[in-house]
Protein chains: 2
Amino acid sequence: MSLVVVGSVALDTVETPQGRADDAIGGAALYFSLAASFFGPVRMVGVVGQDFPRDMLAELERRGVDLAGIEHAPGKTFRWSGRYHEDVNVRDTLHLDLGVFADFAPKLPASYRDSTYVFLANIDPVLQASVLDQLRAPELVGCDTMNHWIDASRPALDRLLARVGLLTINDEEARMLSGERNVVRAAAKILAMGPQAVLIKRGEYGVIQFAGDSVFAVPAFPLEEVTDPTGAGDCFAGGFMGELARSGDRSARGLRRAIVYGSVMGSFVVEDFGPRRLLQLTRDDIERRYRQFVSLTDCSGA
Amino acid sequence: MSLVVVGSVALDTVETPQGRADDAIGGAALYFSLAASFFGPVRMVGVVGQDFPRDMLAELERRGVDLAGIEHAPGKTFRWSGRYHEDVNVRDTLHLDLGVFADFAPKLPASYRDSTYVFLANIDPVLQASVLDQLRAPELVGCDTMNHWIDASRPALDRLLARVGLLTINDEEARMLSGERNVVRAAAKILAMGPQAVLIKRGEYGVIQFAGDSVFAVPAFPLEEVTDPTGAGDCFAGGFMGELARSGDRSARGLRRAIVYGSVMGSFVVEDFGPRRLLQLTRDDIERRYRQFVSLTDCSGA
């Protein structure tokens, strides 16, 4: 299956209790692509400015990421800087400069239009919909969003959700979108909006998927230290969609396996600043942690 | 195996967003015993006043709870009243009257001294230790505690923990006891204090067990409504220790199965006020939900 992702590409400056990183490559589409590339080829749609490091683009291509959909615009790459607290679920944005991302209007090259698996990372739902309009016959559409769009672009988001198969969202956003505190009720309301499955990300507590009558929960991998949480959700999505596109198995079992692979990728990226850990990762590391995840929750023989 | 529990017996008045209950029977030892009684006989140690309903004592006996260790003291039963918020993890204590519990000094009847499985519910660690002193040859000692004792009775608690096999504790208490925010580091420090296993209760996110190098996580059962969270942790402990005492299987596999049964019992009690749901429960209900728990986390075939 051919997988395409659209979303932000950024340069991040991050402070955490463990240290800091300056101008690390980041953004949702980049983290997604790096994670998904361990499972198969990925087509990327986004925009970078003249300051984006060329060697990192070459590195992405070396990993099987197709950059035909990356627009090179005059100006500066989207920059974000933030500070994480001791409680890594809390972060402050220190500085935000949209740069060339401010005028981003995703245009898919002709070579991308036959993509069957698509992930719409967190951008304006109007732009997310425009990507779907450019695809000939998408088979599986995954989507992320955030509080800003839930609040400010609800009609566009509602129209988009009717076209989406899988929504990944964090627990706070699930509450906002549904108006329900309880996760079961929140998921039921979200499923009624369109998606066949909703995957609610609960940070250090893992992920819970609701799909029809089926519920599947995976805890987060217990790590001694979370160095930098940036990109965890996007790497989850990348591992998840990457594995689905690799296997083409959209059965309940295939979805569960993909959710565990997503959790594996999310658990690796937070071990170091920016994408550093992903850049050192091997397929063996991934398989080893996959088995640890299975063992972490295995009560089947019990 | 013969199972004994020591702890509070109370009359609770509870308000939640779903309604209220007045003078419901409660207390840690009572919830524990009710839950454990589905798995086998339980011996209970505690104190009640003259106002404790006789018919409920008869009901406990009918369920195989041995009340030889229940002291009947002149005066009033321990009374607690509290209010839960929309976020059920937050509660206010409205009123507290220790009554006969103020002078509680657990005395084990001769018929209890051969108990091999013991659960020390949350009371003064000095009293918890005095229970161990009265047992001839305990094989498995489970223990609960709370922020008050961690703060105010640390030396006694430290001495007790050296004699304990399994500690059940919530995440906030685990942080207090260890001085570590991160759950992996907190668990490592707690294991160094004595227990062979620590079970950290994470409310709506379930339970995570650390035992040697092994980690096991069970999500909470996703419920549409939590009517009254009172007793959830004690029913978890009752199901857990009850199943362990029934099977006598303290292998890693036996512990995991017991943790799932504990989670099952905790998930039932919160469905109605006080112990109402437990009083209607059947063994079939328990087995059905056990299978749902296994399915909820099953990625083994994936």
# chains A, B, ... in the order shown; residues from 1 in each chain; ligands from 1
>>> interface_residues(of="chain B", to="chain A", cutoff="6 Å", atoms="only C-alpha atoms", output="PyMOL selection string")
chain B and resi 184-185+215-217+224+253+257+296-297+302
>>> residues_around(residues="A:Leu120", least_positions_apart="3", cutoff="10 Å", atoms="only C-alpha atoms", output="PyMOL selection string")
chain A and resi 4-7+28-29+45+123-125+127-129+131-132+141-145+164+167
>>> atom_distance(atom1="atom CA of A:Val126", atom2="atom CA of A:Pro106")
10.5 Å
>>> residues_around(residues="stretch 111-115 of chain A", least_positions_apart="6", cutoff="7 Å", atoms="only C-alpha atoms", output="ChimeraX atom specification")
/A:2-4,134-138
>>> closest_residue(among="A:Ala35, A:Ile190, A:Val14, A:Leu30", to="A:Phe268", atoms="only C-alpha atoms")
A:Ala35
>>> atom_distance(atom1="atom CA of A:Ile169", atom2="atom CA of A:Asp213")
18.9 Å
>>> closest_residue(among="A:Val42, A:Arg54, A:Arg283, A:Gly165", to="A:Arg246", atoms="only C-alpha atoms")
A:Val42
>>> atom_distance(atom1="atom CA of B:Gly266", atom2="atom CA of B:Leu157")
25.6 Å
>>> select_by_dssp(residues="stretch 43-283 of chain A", states="strand (DSSP E or B)", output="JSON, numbers by chain")
{"A": [43, 44, 45, 46, 47, 48, 65, 66, 67, 68, 69, 70, 71, 72, 78, 79, 80, 81, 82, 83, 84, 91, 92, 93, 94, 95, 96, 97, 117, 118, 119, 120, 140, 141, 142, 143, 144, 166, 167, 168, 169, 170, 197, 198, 199, 200, 201, 207, 208, 209, 210, 211, 214, 215, 216, 217, 218]}
>>> select_by_dssp(residues="stretch 12-149 of chain A", states="helix (DSSP H, G or I)", output="number ranges by chain")
A: 28-36, 54-62, 99-103, 110-112, 125-133, 147-149
>>> write_last_selection(atoms="N, CA, C and O atoms", output="compact mmCIF listing (two decimals), in the first residue's frame")
# COMPACT_ATOMS: atom_id res chain seq x y z
N ALA A 28 5.11 17.50 12.72
CA ALA A 28 4.35 16.26 12.75
C ALA A 28 4.65 15.37 11.55
O ALA A 28 4.82 14.16 11.68
N ALA A 29 4.72 15.95 10.35
CA ALA A 29 4.92 15.15 9.14
C ALA A 29 6.31 14.51 9.15
O ALA A 29 6.49 13.38 8.70
N LEU A 30 7.28 15.24 9.71
CA LEU A 30 8.63 14.71 9.74
C LEU A 30 8.75 13.54 10.73
O LEU A 30 9.29 12.47 10.40
N TYR A 31 8.22 13.73 11.94
CA TYR A 31 8.26 12.62 12.91
C TYR A 31 7.49 11.42 12.39
O TYR A 31 7.92 10.28 12.52
N PHE A 32 6.33 11.68 11.80
CA PHE A 32 5.52 10.59 11.25
C PHE A 32 6.33 9.82 10.21
O PHE A 32 6.40 8.59 10.23
N SER A 33 6.96 10.55 9.29
CA SER A 33 7.67 9.91 8.19
C SER A 33 8.86 9.11 8.67
O SER A 33 9.10 7.99 8.20
N LEU A 34 9.62 9.68 9.62
CA LEU A 34 10.78 8.96 10.16
C LEU A 34 10.34 7.64 10.78
O LEU A 34 10.95 6.60 10.55
N ALA A 35 9.25 7.69 11.56
CA ALA A 35 8.77 6.47 12.22
C ALA A 35 8.24 5.48 11.20
O ALA A 35 8.54 4.28 11.24
N ALA A 36 7.44 5.96 10.26
CA ALA A 36 6.81 5.08 9.27
C ALA A 36 7.85 4.45 8.34
O ALA A 36 7.65 3.35 7.83
N ARG A 54 19.87 20.80 4.53
CA ARG A 54 19.85 19.93 3.34
C ARG A 54 20.23 18.50 3.69
O ARG A 54 19.71 17.54 3.13
N ASP A 55 21.19 18.36 4.62
CA ASP A 55 21.67 17.00 4.92
C ASP A 55 20.55 16.16 5.56
O ASP A 55 20.52 14.95 5.39
N MET A 56 19.64 16.83 6.26
CA MET A 56 18.55 16.08 6.88
C MET A 56 17.54 15.62 5.82
O MET A 56 16.94 14.55 5.94
N LEU A 57 17.36 16.45 4.78
CA LEU A 57 16.49 16.03 3.68
C LEU A 57 17.09 14.81 2.99
O LEU A 57 16.39 13.84 2.67
N ALA A 58 18.42 14.86 2.80
CA ALA A 58 19.10 13.72 2.17
C ALA A 58 18.95 12.46 3.03
O ALA A 58 18.72 11.36 2.52
N GLU A 59 19.05 12.65 4.34
CA GLU A 59 18.91 11.53 5.28
C GLU A 59 17.51 10.91 5.16
O GLU A 59 17.34 9.69 5.16
N LEU A 60 16.50 11.76 5.07
CA LEU A 60 15.12 11.26 4.92
C LEU A 60 14.99 10.44 3.64
O LEU A 60 14.40 9.36 3.64
N GLU A 61 15.55 10.97 2.55
CA GLU A 61 15.46 10.25 1.27
C GLU A 61 16.16 8.91 1.33
O GLU A 61 15.66 7.90 0.82
N ARG A 62 17.31 8.89 2.01
CA ARG A 62 18.06 7.66 2.17
C ARG A 62 17.21 6.60 2.89
O ARG A 62 17.35 5.41 2.68
N GLY A 99 6.51 31.20 9.82
CA GLY A 99 7.36 31.29 8.64
C GLY A 99 6.60 30.85 7.39
O GLY A 99 5.43 31.22 7.20
N VAL A 100 7.25 30.04 6.58
CA VAL A 100 6.64 29.62 5.30
C VAL A 100 5.40 28.74 5.49
O VAL A 100 4.61 28.55 4.56
N PHE A 101 5.21 28.22 6.72
CA PHE A 101 4.06 27.37 7.01
C PHE A 101 2.76 28.19 7.03
O PHE A 101 1.66 27.64 6.85
N ALA A 102 2.89 29.51 7.21
CA ALA A 102 1.70 30.37 7.31
C ALA A 102 0.87 30.30 6.02
O ALA A 102 -0.37 30.38 6.08
N ASP A 103 1.53 30.16 4.89
CA ASP A 103 0.80 30.14 3.61
C ASP A 103 0.74 28.75 2.99
O ASP A 103 0.52 28.61 1.78
N ALA A 110 1.69 14.68 -8.97
CA ALA A 110 0.92 13.65 -9.71
C ALA A 110 1.27 12.25 -9.22
O ALA A 110 0.40 11.38 -9.10
N SER A 111 2.56 12.06 -8.88
CA SER A 111 3.03 10.73 -8.46
C SER A 111 2.44 10.28 -7.13
O SER A 111 2.55 9.12 -6.76
N TYR A 112 1.80 11.18 -6.36
CA TYR A 112 1.24 10.84 -5.05
C TYR A 112 -0.25 10.48 -5.12
O TYR A 112 -0.81 10.00 -4.16
N PRO A 125 -8.30 21.90 9.26
CA PRO A 125 -9.14 20.87 8.64
C PRO A 125 -9.54 21.19 7.19
O PRO A 125 -9.79 20.27 6.41
N VAL A 126 -9.54 22.44 6.83
CA VAL A 126 -9.82 22.80 5.43
C VAL A 126 -8.68 22.29 4.53
O VAL A 126 -8.93 21.74 3.45
N LEU A 127 -7.45 22.43 5.00
CA LEU A 127 -6.30 21.93 4.24
C LEU A 127 -6.29 20.39 4.24
O LEU A 127 -5.95 19.77 3.24
N GLN A 128 -6.65 19.81 5.38
CA GLN A 128 -6.71 18.34 5.44
C GLN A 128 -7.69 17.82 4.38
O GLN A 128 -7.40 16.86 3.66
N ALA A 129 -8.86 18.49 4.29
CA ALA A 129 -9.87 18.06 3.31
C ALA A 129 -9.35 18.23 1.88
O ALA A 129 -9.63 17.41 1.00
N SER A 130 -8.57 19.29 1.66
CA SER A 130 -8.07 19.55 0.30
C SER A 130 -7.12 18.44 -0.15
O SER A 130 -6.99 18.17 -1.34
N VAL A 131 -6.45 17.81 0.81
CA VAL A 131 -5.57 16.68 0.46
C VAL A 131 -6.41 15.50 0.00
O VAL A 131 -6.11 14.85 -1.01
N LEU A 132 -7.50 15.23 0.73
CA LEU A 132 -8.38 14.13 0.33
C LEU A 132 -8.93 14.37 -1.08
O LEU A 132 -9.05 13.43 -1.87
N ASP A 133 -9.25 15.63 -1.36
CA ASP A 133 -9.80 15.96 -2.69
C ASP A 133 -8.81 15.63 -3.81
O ASP A 133 -9.22 15.41 -4.95
N ASN A 147 -6.89 21.01 19.91
CA ASN A 147 -7.87 21.90 20.56
C ASN A 147 -8.17 23.16 19.74
O ASN A 147 -9.32 23.56 19.63
N HIS A 148 -7.14 23.73 19.12
CA HIS A 148 -7.35 24.97 18.36
C HIS A 148 -8.42 24.79 17.28
O HIS A 148 -9.32 25.62 17.13
N TRP A 149 -8.34 23.69 16.51
CA TRP A 149 -9.30 23.48 15.41
C TRP A 149 -10.67 23.08 15.95
O TRP A 149 -11.69 23.44 15.36
